[in-house]
Amino acid sequence: MTRIRELDTLRGFAVCGITVVNTWQHTAGALERRVPTPADWIVENLLQGRFYPVFSFLFGVSFVLFLRSAARRTPRPWWPLLRRLGVLACLGLLHRFVSPGEVLLPYAIAGALVLLPASFLPRWLVLTAGVGGTLWAVLAEAGGIWLVPGLFLLGMAVIEYAPGPRALAPAFAVSAPLAVALTGAWVYLWAHPETFRFPYTVSVYPLAGLAAAVAYCTGVLLLTRRAPGVGAFLQPLGRMTLTAYLAGSLSAAALAPLLARDGTRLGALAAAAAVLAILAGFAHWWLARFRHGPLEWAWRCLTWGELVPARRSPDPAPPATAPRDLSGGPAPRDLGN
């Protein structure tokens with residue numbers, strides 16, 4: 001197996017969005033008095049609730065890819081998978097001391113309780129359960145953490161059906177105007193509190209987030225075809241998702257007391273951009289020398305109970321028939337996603 005560049009691109013994009021939202025949320029929590037600002041409006045209506053669905057969906061995709069890879073190494077691939085989830089749960093527990101609303105622990109638990117049993121089901125049933133679970137979370141629970149299991153299952157199903165690159169443009173053409181309409185509807189509803197007495201009014205917000213998540217992801221993948229530099233920037237971050245996510249979260253918590261003094265809230269956005277620039281530079285530098293990110297390497301070692309090679313060796317020249325990614329370039333030779 002070779003890495004799927006589009007997945008790395010989307011992971012890197014999701015890390016960027018999550019870092020901005022986390023920095024904003026930590027800063028909001030440190031404010032003594034919160035006066036709404038234009039920066040708050042941008043984050044609340046264009047960013048918040050748009051990126052953790054991407055993470056959740058990609059977690060389901062990665063679950064299938066890891067299970068396939070593990071099946072090549074052991075006749076019982078579920079055991080290393082459970083160890084992998086156990087390590088993630090431990091990291092989540094530690095992370096909760098810094099960020100009580102973190103997602104690693106819920107992801108590990110949902111992975112064991114939802115994804116593992118679903119791996120024995122036919123893909124059509126996984127897809128049906130994913131759609132049903134997502135709709136239930138939107139209509140009955142107004143989204144939130146309840147979206148995670150359904151999106152996990154949708155990620156599992158989509159990687160099994162493997163839609164081709166031709167699906168990107170139609171998906172963007174449908175999701176982008178839908179996201180604009182739903183976001184506009186939510187802004188209107190929020191300005192008229194009396195509308196919340198009607199059932200399912202609060203469901204508009206998670207629906208807008210899901211539509212925007214699809215539009216953002218398909219838009220980014222379409223953009224990387226015309227601007228390869230975008231993918232070149234995002235992919236190293238995507239290959240170090242765990243490291244980048246935790247580093248961004250720790251930075252947000254550390255900077256929150258200082259950023260809370262900024263009444264415009266623009267400082268939070270600027271700080272998140274600076275942290276992302278540093279993380280991107282570090283990811284490019286690190287992955288030029290090592291196969292995996294620091295925490296990704298430790299995660300693999302604990303998953304397999306052995307030291308995984310870390311340093312990058314010079315790659316031999318790729319054969320003329322090297323696999324190609326969806327954008328048309330030769331795929332990297334590293335294993336795993």
# chains A, B, ... in the order shown; residues from 1 in each chain; ligands from 1
call {"tool": "residues_around", "arguments": {"residues": "Ser62 in chain A", "least_positions_apart": "3", "cutoff": "9 Å", "atoms": "only C-alpha atoms", "output": "JSON, numbers by chain"}}
result
{"A": [7, 57, 58, 59, 65, 66, 67, 155, 156, 159, 336, 337]}
call {"tool": "residues_around", "arguments": {"residues": "Asp40 in chain A", "least_positions_apart": "2", "cutoff": "9 Å", "atoms": "only C-alpha atoms", "output": "PDB file with all heavy atoms, in the first residue's frame"}}
result
ATOM      1  N   TRP A  24      -9.452  29.861  19.613  1.00  0.00           N
ATOM      2  CA  TRP A  24     -10.572  30.767  19.865  1.00  0.00           C
ATOM      3  C   TRP A  24     -11.382  30.318  21.086  1.00  0.00           C
ATOM      4  O   TRP A  24     -11.750  31.134  21.938  1.00  0.00           O
ATOM      5  CB  TRP A  24     -11.447  30.820  18.625  1.00  0.00           C
ATOM      6  CG  TRP A  24     -12.700  31.620  18.774  1.00  0.00           C
ATOM      7  CD1 TRP A  24     -12.833  32.975  18.729  1.00  0.00           C
ATOM      8  CD2 TRP A  24     -14.015  31.097  18.997  1.00  0.00           C
ATOM      9  NE1 TRP A  24     -14.149  33.340  18.905  1.00  0.00           N
ATOM     10  CE2 TRP A  24     -14.896  32.199  19.068  1.00  0.00           C
ATOM     11  CE3 TRP A  24     -14.525  29.813  19.124  1.00  0.00           C
ATOM     12  CZ2 TRP A  24     -16.260  32.040  19.279  1.00  0.00           C
ATOM     13  CZ3 TRP A  24     -15.882  29.658  19.330  1.00  0.00           C
ATOM     14  CH2 TRP A  24     -16.735  30.761  19.405  1.00  0.00           C
ATOM     15  N   PRO A  36     -19.519  40.092  21.929  1.00  0.00           N
ATOM     16  CA  PRO A  36     -19.372  39.539  20.580  1.00  0.00           C
ATOM     17  C   PRO A  36     -18.636  40.498  19.644  1.00  0.00           C
ATOM     18  O   PRO A  36     -18.856  41.716  19.670  1.00  0.00           O
ATOM     19  CB  PRO A  36     -20.823  39.315  20.133  1.00  0.00           C
ATOM     20  CG  PRO A  36     -21.600  39.191  21.408  1.00  0.00           C
ATOM     21  CD  PRO A  36     -20.921  40.100  22.374  1.00  0.00           C
ATOM     22  N   THR A  37     -17.757  39.948  18.836  1.00  0.00           N
ATOM     23  CA  THR A  37     -16.972  40.720  17.876  1.00  0.00           C
ATOM     24  C   THR A  37     -17.120  40.099  16.492  1.00  0.00           C
ATOM     25  O   THR A  37     -17.599  38.969  16.363  1.00  0.00           O
ATOM     26  CB  THR A  37     -15.485  40.721  18.266  1.00  0.00           C
ATOM     27  OG1 THR A  37     -14.959  39.393  18.100  1.00  0.00           O
ATOM     28  CG2 THR A  37     -15.297  41.167  19.715  1.00  0.00           C
ATOM     29  N   PRO A  38     -16.703  40.800  15.443  1.00  0.00           N
ATOM     30  CA  PRO A  38     -16.735  40.196  14.098  1.00  0.00           C
ATOM     31  C   PRO A  38     -15.923  38.907  14.017  1.00  0.00           C
ATOM     32  O   PRO A  38     -16.305  37.980  13.293  1.00  0.00           O
ATOM     33  CB  PRO A  38     -16.133  41.299  13.214  1.00  0.00           C
ATOM     34  CG  PRO A  38     -16.466  42.571  13.924  1.00  0.00           C
ATOM     35  CD  PRO A  38     -16.371  42.246  15.383  1.00  0.00           C
ATOM     36  N   ILE A  42     -17.228  35.179  12.666  1.00  0.00           N
ATOM     37  CA  ILE A  42     -16.553  34.381  11.630  1.00  0.00           C
ATOM     38  C   ILE A  42     -16.324  32.956  12.121  1.00  0.00           C
ATOM     39  O   ILE A  42     -16.625  31.978  11.424  1.00  0.00           O
ATOM     40  CB  ILE A  42     -15.227  35.051  11.237  1.00  0.00           C
ATOM     41  CG1 ILE A  42     -15.501  36.354  10.481  1.00  0.00           C
ATOM     42  CG2 ILE A  42     -14.380  34.110  10.388  1.00  0.00           C
ATOM     43  CD1 ILE A  42     -14.250  37.174  10.206  1.00  0.00           C
ATOM     44  N   VAL A  43     -15.793  32.839  13.338  1.00  0.00           N
ATOM     45  CA  VAL A  43     -15.485  31.496  13.857  1.00  0.00           C
ATOM     46  C   VAL A  43     -16.760  30.706  14.099  1.00  0.00           C
ATOM     47  O   VAL A  43     -16.855  29.529  13.725  1.00  0.00           O
ATOM     48  CB  VAL A  43     -14.648  31.596  15.146  1.00  0.00           C
ATOM     49  CG1 VAL A  43     -14.429  30.203  15.748  1.00  0.00           C
ATOM     50  CG2 VAL A  43     -13.301  32.259  14.859  1.00  0.00           C
ATOM     51  N   GLU A  44     -17.751  31.329  14.706  1.00  0.00           N
ATOM     52  CA  GLU A  44     -18.973  30.615  15.059  1.00  0.00           C
ATOM     53  C   GLU A  44     -19.752  30.155  13.829  1.00  0.00           C
ATOM     54  O   GLU A  44     -20.357  29.080  13.840  1.00  0.00           O
ATOM     55  CB  GLU A  44     -19.861  31.503  15.931  1.00  0.00           C
ATOM     56  CG  GLU A  44     -19.311  31.718  17.338  1.00  0.00           C
ATOM     57  CD  GLU A  44     -20.139  32.717  18.119  1.00  0.00           C
ATOM     58  OE1 GLU A  44     -21.010  33.377  17.516  1.00  0.00           O
ATOM     59  OE2 GLU A  44     -19.899  32.853  19.334  1.00  0.00           O
ATOM     60  N   ASN A  45     -19.746  30.946  12.780  1.00  0.00           N
ATOM     61  CA  ASN A  45     -20.600  30.636  11.629  1.00  0.00           C
ATOM     62  C   ASN A  45     -19.867  30.041  10.441  1.00  0.00           C
ATOM     63  O   ASN A  45     -20.517  29.481   9.544  1.00  0.00           O
ATOM     64  CB  ASN A  45     -21.327  31.908  11.178  1.00  0.00           C
ATOM     65  CG  ASN A  45     -22.320  32.401  12.210  1.00  0.00           C
ATOM     66  OD1 ASN A  45     -23.359  31.779  12.432  1.00  0.00           O
ATOM     67  ND2 ASN A  45     -22.002  33.505  12.861  1.00  0.00           N
ATOM     68  N   THR A 264     -10.727  42.511  20.715  1.00  0.00           N
ATOM     69  CA  THR A 264     -11.173  42.301  19.334  1.00  0.00           C
ATOM     70  C   THR A 264     -11.220  40.830  18.959  1.00  0.00           C
ATOM     71  O   THR A 264     -11.826  40.476  17.957  1.00  0.00           O
ATOM     72  CB  THR A 264     -10.236  43.014  18.356  1.00  0.00           C
ATOM     73  OG1 THR A 264      -8.948  42.365  18.365  1.00  0.00           O
ATOM     74  CG2 THR A 264     -10.072  44.473  18.735  1.00  0.00           C
ATOM     75  N   ARG A 265     -10.560  39.991  19.708  1.00  0.00           N
ATOM     76  CA  ARG A 265     -10.445  38.544  19.459  1.00  0.00           C
ATOM     77  C   ARG A 265      -9.639  38.230  18.200  1.00  0.00           C
ATOM     78  O   ARG A 265      -9.501  37.069  17.829  1.00  0.00           O
ATOM     79  CB  ARG A 265     -11.824  37.875  19.338  1.00  0.00           C
ATOM     80  CG  ARG A 265     -12.769  38.139  20.489  1.00  0.00           C
ATOM     81  CD  ARG A 265     -12.261  37.608  21.810  1.00  0.00           C
ATOM     82  NE  ARG A 265     -11.935  36.204  21.739  1.00  0.00           N
ATOM     83  CZ  ARG A 265     -12.820  35.216  21.744  1.00  0.00           C
ATOM     84  NH1 ARG A 265     -14.102  35.509  21.794  1.00  0.00           N
ATOM     85  NH2 ARG A 265     -12.441  33.968  21.683  1.00  0.00           N
ATOM     86  N   LEU A 266      -9.100  39.251  17.551  1.00  0.00           N
ATOM     87  CA  LEU A 266      -8.271  39.008  16.375  1.00  0.00           C
ATOM     88  C   LEU A 266      -6.938  38.381  16.765  1.00  0.00           C
ATOM     89  O   LEU A 266      -6.314  37.678  15.970  1.00  0.00           O
ATOM     90  CB  LEU A 266      -8.034  40.316  15.615  1.00  0.00           C
ATOM     91  CG  LEU A 266      -9.265  40.939  14.953  1.00  0.00           C
ATOM     92  CD1 LEU A 266      -8.915  42.294  14.349  1.00  0.00           C
ATOM     93  CD2 LEU A 266      -9.813  40.006  13.882  1.00  0.00           C
TER      94      LEU A 266
END
call {"tool": "closest_atom_pairs", "arguments": {"of": "range 136-160 of chain A", "to": "range 205-224 of chain A", "cutoff": "12 Å", "atoms": "only C-alpha atoms", "output": "tab-separated table"}}
result
residue	atom	partner	partner_atom	distance
A:Trp136	CA	A:Pro206	CA	11.5
A:Ala137	CA	A:Pro206	CA	9.0
A:Val138	CA	A:Pro206	CA	6.2
A:Leu139	CA	A:Pro206	CA	9.1
A:Ala140	CA	A:Pro206	CA	11.3
A:Glu141	CA	A:Pro206	CA	9.7
A:Ala142	CA	A:Pro206	CA	6.4
A:Gly143	CA	A:Pro206	CA	5.4
A:Gly144	CA	A:Pro206	CA	7.7
A:Ile145	CA	A:Pro206	CA	10.9
A:Trp146	CA	A:Pro206	CA	10.8
A:Leu147	CA	A:Pro206	CA	8.9
A:Val148	CA	A:Leu210	CA	11.8
A:Leu151	CA	A:Leu210	CA	10.0
call {"tool": "residues_around", "arguments": {"residues": "range 290-305 of chain A", "least_positions_apart": "3", "cutoff": "8 Å", "atoms": "only C-alpha atoms", "output": "CSV table (one decimal) with N, CA and C atoms, in the first residue's frame"}}
result
chain,number,residue,atom,x,y,z
A,80,PRO,N,-3.9,-5.7,17.3
A,80,PRO,CA,-3.1,-4.5,17.2
A,80,PRO,C,-4.0,-3.3,17.1
A,81,LEU,N,-5.2,-3.5,16.5
A,81,LEU,CA,-6.1,-2.4,16.4
A,81,LEU,C,-6.6,-1.9,17.8
A,83,ARG,N,-5.0,-2.4,20.6
A,83,ARG,CA,-3.9,-1.7,21.2
A,83,ARG,C,-3.7,-0.3,20.8
A,84,ARG,N,-3.9,-0.1,19.5
A,84,ARG,CA,-3.8,1.3,18.9
A,84,ARG,C,-4.9,2.2,19.5
A,87,VAL,N,-3.9,3.0,23.2
A,87,VAL,CA,-2.9,4.1,23.3
A,87,VAL,C,-3.6,5.4,23.1
A,88,LEU,N,-4.5,5.5,22.1
A,88,LEU,CA,-5.2,6.7,21.9
A,88,LEU,C,-6.0,7.2,23.1
A,239,ARG,N,0.3,14.2,7.8
A,239,ARG,CA,1.1,13.0,8.1
A,239,ARG,C,1.5,13.1,9.6
A,240,MET,N,1.4,14.2,10.2
A,240,MET,CA,1.7,14.4,11.7
A,240,MET,C,0.5,14.9,12.4
A,242,LEU,N,-1.6,13.7,14.7
A,242,LEU,CA,-1.7,13.6,16.2
A,242,LEU,C,-0.7,14.6,16.8
A,243,THR,N,0.5,14.7,16.4
A,243,THR,CA,1.5,15.6,16.9
A,243,THR,C,1.0,17.1,16.7
A,283,ALA,N,6.9,20.3,10.6
A,283,ALA,CA,6.5,19.0,9.9
A,283,ALA,C,7.4,18.8,8.6
A,286,TRP,N,10.9,17.8,9.8
A,286,TRP,CA,11.0,16.5,10.5
A,286,TRP,C,10.8,15.4,9.5
A,287,LEU,N,9.8,15.5,8.6
A,287,LEU,CA,9.5,14.4,7.7
A,287,LEU,C,10.5,14.3,6.6
A,308,VAL,N,9.7,0.6,15.7
A,308,VAL,CA,9.5,0.8,14.3
A,308,VAL,C,10.6,1.7,13.7
A,309,PRO,N,11.2,1.3,12.6
A,309,PRO,CA,12.3,2.2,12.0
A,309,PRO,C,11.8,3.6,11.9
A,310,ALA,N,12.6,4.6,12.4
A,310,ALA,CA,12.2,6.0,12.4
A,310,ALA,C,12.9,6.8,11.3
A,311,ARG,N,14.2,6.6,11.2
A,311,ARG,CA,15.0,7.5,10.3
A,311,ARG,C,14.6,7.1,8.8
A,312,ARG,N,14.6,8.1,8.0
A,312,ARG,CA,14.3,7.9,6.6
A,312,ARG,C,15.6,7.5,5.8
A,334,ASP,N,5.9,5.6,1.2
A,334,ASP,CA,5.7,5.2,2.6
A,334,ASP,C,4.5,4.4,2.8
call {"tool": "closest_residue", "arguments": {"among": "A:Ala232, A:Val187, A:Ile278, A:Leu104", "to": "Ser251 in chain A", "atoms": "only C-alpha atoms"}}
result
A:Ile278
call {"tool": "residues_around", "arguments": {"residues": "Cys16 in chain A", "least_positions_apart": "5", "cutoff": "9 Å", "atoms": "only C-alpha atoms", "output": "PyMOL selection string"}}
result
chain A and resi 11+21+51+234+237+244-245+248+272-273+276
call {"tool": "write_last_selection", "arguments": {"atoms": "C-alpha atoms", "output": "short mmCIF file (atom, residue, chain, number, x, y, z; two decimals), in the first residue's frame"}}
result
data_model
loop_
_atom_site.label_atom_id
_atom_site.label_comp_id
_atom_site.auth_asym_id
_atom_site.auth_seq_id
_atom_site.Cartn_x
_atom_site.Cartn_y
_atom_site.Cartn_z
CA ARG A 11 -6.03 15.77 7.59
CA VAL A 21 -11.19 26.90 16.63
CA PHE A 51 -13.71 20.50 11.17
CA LEU A 234 -0.97 20.59 4.02
CA LEU A 237 0.72 18.43 8.64
CA ALA A 244 0.06 18.77 15.30
CA TYR A 245 -3.32 18.45 17.02
CA GLY A 248 -1.87 23.16 18.72
CA ALA A 272 -3.44 30.31 15.63
CA ALA A 273 -1.99 31.30 12.24
CA LEU A 276 0.21 26.68 12.29
#
call {"tool": "atom_distance", "arguments": {"atom1": "CA of Tyr52 in chain A", "atom2": "CA of Ala247 in chain A"}}
result
16.6 Å
call {"tool": "residues_around", "arguments": {"residues": "Gly101 in chain A", "least_positions_apart": "4", "cutoff": "12 Å", "atoms": "only C-alpha atoms", "output": "number ranges by chain"}}
result
A: 22, 25-26, 29, 52, 92-93, 95-97, 105-106, 144-145, 249
call {"tool": "closest_residue", "arguments": {"among": "A:Ala260, A:Ala280, A:Leu154, A:Ala254", "to": "Gln235 in chain A", "atoms": "only C-alpha atoms"}}
result
A:Ala280
call {"tool": "atom_distance", "arguments": {"atom1": "CA of Trp124 in chain A", "atom2": "CA of Leu182 in chain A"}}
result
28.6 Å
call {"tool": "residues_around", "arguments": {"residues": "Leu127 in chain A", "least_positions_apart": "4", "cutoff": "10 Å", "atoms": "only C-alpha atoms", "output": "VMD selection string"}}
result
chain A and resid 122 to 123 131 to 133 150 to 151 153 to 158 160 to 161
call {"tool": "write_last_selection", "arguments": {"atoms": "N, CA, C and O atoms", "output": "PDB file, in the first residue's frame"}}
result
ATOM      1  N   PRO A 122     -21.417  -6.092   6.170  1.00  0.00           N
ATOM      2  CA  PRO A 122     -21.285  -5.699   4.754  1.00  0.00           C
ATOM      3  C   PRO A 122     -21.312  -4.185   4.618  1.00  0.00           C
ATOM      4  O   PRO A 122     -21.928  -3.478   5.426  1.00  0.00           O
ATOM      5  N   ARG A 123     -20.671  -3.684   3.571  1.00  0.00           N
ATOM      6  CA  ARG A 123     -20.502  -2.251   3.445  1.00  0.00           C
ATOM      7  C   ARG A 123     -21.826  -1.509   3.279  1.00  0.00           C
ATOM      8  O   ARG A 123     -21.956  -0.373   3.733  1.00  0.00           O
ATOM      9  N   VAL A 131     -25.517   6.692   7.757  1.00  0.00           N
ATOM     10  CA  VAL A 131     -26.495   7.717   7.401  1.00  0.00           C
ATOM     11  C   VAL A 131     -27.535   7.858   8.508  1.00  0.00           C
ATOM     12  O   VAL A 131     -27.874   8.975   8.937  1.00  0.00           O
ATOM     13  N   GLY A 132     -28.048   6.725   8.997  1.00  0.00           N
ATOM     14  CA  GLY A 132     -29.046   6.769  10.059  1.00  0.00           C
ATOM     15  C   GLY A 132     -28.508   7.374  11.335  1.00  0.00           C
ATOM     16  O   GLY A 132     -29.187   8.200  11.979  1.00  0.00           O
ATOM     17  N   GLY A 133     -27.286   6.986  11.725  1.00  0.00           N
ATOM     18  CA  GLY A 133     -26.695   7.522  12.946  1.00  0.00           C
ATOM     19  C   GLY A 133     -26.436   9.017  12.863  1.00  0.00           C
ATOM     20  O   GLY A 133     -26.644   9.757  13.835  1.00  0.00           O
ATOM     21  N   GLY A 150     -21.798   8.098  13.811  1.00  0.00           N
ATOM     22  CA  GLY A 150     -22.327   8.039  12.451  1.00  0.00           C
ATOM     23  C   GLY A 150     -21.290   8.420  11.413  1.00  0.00           C
ATOM     24  O   GLY A 150     -21.192   7.788  10.352  1.00  0.00           O
ATOM     25  N   LEU A 151     -20.497   9.449  11.696  1.00  0.00           N
ATOM     26  CA  LEU A 151     -19.462   9.866  10.751  1.00  0.00           C
ATOM     27  C   LEU A 151     -18.342   8.837  10.666  1.00  0.00           C
ATOM     28  O   LEU A 151     -17.743   8.652   9.599  1.00  0.00           O
ATOM     29  N   LEU A 153     -18.819   5.646  10.803  1.00  0.00           N
ATOM     30  CA  LEU A 153     -19.353   4.616   9.912  1.00  0.00           C
ATOM     31  C   LEU A 153     -19.392   5.094   8.462  1.00  0.00           C
ATOM     32  O   LEU A 153     -19.125   4.308   7.538  1.00  0.00           O
ATOM     33  N   LEU A 154     -19.706   6.368   8.247  1.00  0.00           N
ATOM     34  CA  LEU A 154     -19.696   6.899   6.882  1.00  0.00           C
ATOM     35  C   LEU A 154     -18.290   6.853   6.293  1.00  0.00           C
ATOM     36  O   LEU A 154     -18.109   6.539   5.106  1.00  0.00           O
ATOM     37  N   GLY A 155     -17.291   7.163   7.108  1.00  0.00           N
ATOM     38  CA  GLY A 155     -15.911   7.068   6.636  1.00  0.00           C
ATOM     39  C   GLY A 155     -15.544   5.646   6.263  1.00  0.00           C
ATOM     40  O   GLY A 155     -14.883   5.399   5.238  1.00  0.00           O
ATOM     41  N   MET A 156     -15.953   4.693   7.093  1.00  0.00           N
ATOM     42  CA  MET A 156     -15.719   3.281   6.772  1.00  0.00           C
ATOM     43  C   MET A 156     -16.354   2.900   5.447  1.00  0.00           C
ATOM     44  O   MET A 156     -15.736   2.234   4.612  1.00  0.00           O
ATOM     45  N   ALA A 157     -17.599   3.311   5.260  1.00  0.00           N
ATOM     46  CA  ALA A 157     -18.333   2.912   4.062  1.00  0.00           C
ATOM     47  C   ALA A 157     -17.743   3.550   2.808  1.00  0.00           C
ATOM     48  O   ALA A 157     -17.594   2.897   1.768  1.00  0.00           O
ATOM     49  N   VAL A 158     -17.393   4.822   2.892  1.00  0.00           N
ATOM     50  CA  VAL A 158     -16.907   5.526   1.701  1.00  0.00           C
ATOM     51  C   VAL A 158     -15.592   4.935   1.216  1.00  0.00           C
ATOM     52  O   VAL A 158     -15.378   4.766   0.008  1.00  0.00           O
ATOM     53  N   GLU A 160     -14.630   1.939   1.517  1.00  0.00           N
ATOM     54  CA  GLU A 160     -14.924   0.632   0.924  1.00  0.00           C
ATOM     55  C   GLU A 160     -15.520   0.790  -0.472  1.00  0.00           C
ATOM     56  O   GLU A 160     -15.216   0.012  -1.376  1.00  0.00           O
ATOM     57  N   TYR A 161     -16.368   1.786  -0.670  1.00  0.00           N
ATOM     58  CA  TYR A 161     -16.945   2.015  -1.996  1.00  0.00           C
ATOM     59  C   TYR A 161     -15.975   2.733  -2.933  1.00  0.00           C
ATOM     60  O   TYR A 161     -16.124   2.644  -4.158  1.00  0.00           O
TER      61      TYR A 161
END
call {"tool": "select_by_dssp", "arguments": {"residues": "range 2-208 of chain A", "states": "alpha helix (DSSP H)", "output": "ChimeraX atom specification"}}
result
/A:5-30,38-42,52-71,78-95,104-110,116-118,123-141,147-161,168-191,204-208
call {"tool": "write_last_selection", "arguments": {"atoms": "C-alpha atoms", "output": "compact mmCIF listing (two decimals), in the first residue's frame"}}
result
# COMPACT_ATOMS: atom_id res chain seq x y z
CA ARG A 5 -2.09 11.94 -0.64
CA GLU A 6 -5.65 13.27 -0.59
CA LEU A 7 -6.17 11.89 2.92
CA ASP A 8 -3.02 13.63 4.14
CA THR A 9 -4.21 16.85 2.51
CA LEU A 10 -7.59 16.64 4.24
CA ARG A 11 -6.03 15.77 7.59
CA GLY A 12 -3.70 18.74 7.32
CA PHE A 13 -6.62 20.99 6.39
CA ALA A 14 -8.66 19.70 9.35
CA VAL A 15 -5.72 20.26 11.74
CA CYS A 16 -5.52 23.88 10.59
CA GLY A 17 -9.22 24.44 11.21
CA ILE A 18 -9.23 22.65 14.57
CA THR A 19 -6.23 24.67 15.75
CA VAL A 20 -7.96 27.96 14.92
CA VAL A 21 -11.19 26.90 16.63
CA ASN A 22 -9.39 25.52 19.70
CA THR A 23 -7.40 28.72 20.13
CA TRP A 24 -10.57 30.77 19.87
CA GLN A 25 -12.44 28.53 22.33
CA HIS A 26 -9.63 28.54 24.91
CA THR A 27 -9.45 32.33 24.67
CA ALA A 28 -13.24 32.65 25.04
CA GLY A 29 -13.07 30.54 28.18
CA ALA A 30 -10.47 32.88 29.71
CA PRO A 38 -16.73 40.20 14.10
CA ALA A 39 -14.02 37.60 14.75
CA ASP A 40 -16.47 35.67 16.93
CA TRP A 41 -19.06 35.76 14.15
CA ILE A 42 -16.55 34.38 11.63
CA TYR A 52 -14.34 17.86 13.82
CA PRO A 53 -16.79 16.16 11.40
CA VAL A 54 -13.87 15.95 8.94
CA PHE A 55 -11.67 14.41 11.63
CA SER A 56 -14.42 11.95 12.54
CA PHE A 57 -15.02 10.91 8.94
CA LEU A 58 -11.28 10.45 8.29
CA PHE A 59 -10.94 8.42 11.48
CA GLY A 60 -13.36 5.88 10.02
CA VAL A 61 -11.37 5.86 6.77
CA SER A 62 -8.09 5.32 8.64
CA PHE A 63 -9.67 2.51 10.65
CA VAL A 64 -10.28 0.50 7.49
CA LEU A 65 -6.84 1.27 6.06
CA PHE A 66 -5.12 0.20 9.28
CA LEU A 67 -7.15 -2.98 9.46
CA ARG A 68 -6.16 -3.86 5.88
CA SER A 69 -2.51 -3.14 6.60
CA ALA A 70 -2.57 -5.12 9.86
CA ALA A 71 -4.14 -8.09 8.08
CA TRP A 78 -8.05 -6.78 15.60
CA TRP A 79 -5.55 -7.14 18.45
CA PRO A 80 -3.11 -4.48 17.23
CA LEU A 81 -6.14 -2.37 16.38
CA LEU A 82 -7.37 -2.57 19.96
CA ARG A 83 -3.88 -1.73 21.25
CA ARG A 84 -3.85 1.26 18.90
CA LEU A 85 -7.16 2.47 20.31
CA GLY A 86 -5.94 1.84 23.86
CA VAL A 87 -2.90 4.05 23.33
CA LEU A 88 -5.15 6.74 21.88
CA ALA A 89 -7.42 6.52 24.92
CA CYS A 90 -4.44 7.02 27.26
CA LEU A 91 -3.34 10.08 25.30
CA GLY A 92 -6.90 11.38 25.50
CA LEU A 93 -6.98 10.95 29.27
CA LEU A 94 -3.75 12.93 29.63
CA HIS A 95 -4.98 15.58 27.20
CA LEU A 104 -9.18 11.55 21.49
CA LEU A 105 -10.77 9.61 24.35
CA PRO A 106 -14.30 9.62 22.79
CA TYR A 107 -12.74 8.59 19.48
CA ALA A 108 -10.97 5.63 21.08
CA ILE A 109 -14.11 4.49 22.89
CA ALA A 110 -16.35 4.89 19.83
CA LEU A 116 -14.76 -2.72 15.47
CA PRO A 117 -18.15 -4.52 15.34
CA ALA A 118 -18.97 -2.72 12.07
CA ARG A 123 -20.50 -2.25 3.44
CA TRP A 124 -24.10 -1.46 2.48
CA LEU A 125 -25.18 -2.03 6.05
CA VAL A 126 -22.33 0.13 7.37
CA LEU A 127 -23.37 2.91 4.99
CA THR A 128 -27.00 2.63 6.07
CA ALA A 129 -26.04 2.73 9.74
CA GLY A 130 -23.77 5.72 9.12
CA VAL A 131 -26.49 7.72 7.40
CA GLY A 132 -29.05 6.77 10.06
CA GLY A 133 -26.70 7.52 12.95
CA THR A 134 -25.75 10.91 11.53
CA LEU A 135 -29.37 11.91 10.92
CA TRP A 136 -30.34 10.80 14.43
CA ALA A 137 -27.51 12.89 15.93
CA VAL A 138 -28.59 15.96 13.94
CA LEU A 139 -32.33 15.71 14.59
CA ALA A 140 -32.42 14.26 18.09
CA GLU A 141 -29.25 15.65 19.70
CA LEU A 147 -22.22 12.96 15.37
CA VAL A 148 -19.01 11.00 15.84
CA PRO A 149 -20.29 7.38 15.59
CA GLY A 150 -22.33 8.04 12.45
CA LEU A 151 -19.46 9.87 10.75
CA PHE A 152 -17.09 7.06 11.74
CA LEU A 153 -19.35 4.62 9.91
CA LEU A 154 -19.70 6.90 6.88
CA GLY A 155 -15.91 7.07 6.64
CA MET A 156 -15.72 3.28 6.77
CA ALA A 157 -18.33 2.91 4.06
CA VAL A 158 -16.91 5.53 1.70
CA ILE A 159 -13.39 4.03 1.68
CA GLU A 160 -14.92 0.63 0.92
CA TYR A 161 -16.94 2.02 -2.00
CA LEU A 168 -15.44 15.81 -6.27
CA ALA A 169 -16.92 18.46 -8.56
CA PRO A 170 -20.58 17.32 -8.21
CA ALA A 171 -20.18 17.00 -4.42
CA PHE A 172 -18.80 20.53 -4.23
CA ALA A 173 -21.49 21.89 -6.56
CA VAL A 174 -24.21 20.52 -4.26
CA SER A 175 -22.65 21.10 -0.84
CA ALA A 176 -21.33 24.65 -1.33
CA PRO A 177 -24.67 26.40 -2.04
CA LEU A 178 -26.36 24.19 0.56
CA ALA A 179 -23.80 25.28 3.15
CA VAL A 180 -24.35 28.94 2.27
CA ALA A 181 -28.13 28.58 2.51
CA LEU A 182 -28.07 26.70 5.81
CA THR A 183 -25.54 29.09 7.35
CA GLY A 184 -27.69 32.04 6.27
CA ALA A 185 -30.73 30.34 7.76
CA TRP A 186 -28.93 29.82 11.05
CA VAL A 187 -27.86 33.47 11.20
CA TYR A 188 -31.48 34.47 10.69
CA LEU A 189 -32.76 32.03 13.30
CA TRP A 190 -30.16 33.18 15.85
CA ALA A 191 -31.30 36.78 15.34
CA VAL A 204 -29.99 23.76 11.30
CA TYR A 205 -26.58 24.49 12.87
CA PRO A 206 -25.13 20.95 12.64
CA LEU A 207 -26.62 20.56 9.16
CA ALA A 208 -24.83 23.74 8.11
call {"tool": "atom_distance", "arguments": {"atom1": "CA of Thr241 in chain A", "atom2": "CA of Ala167 in chain A"}}
result
25.4 Å
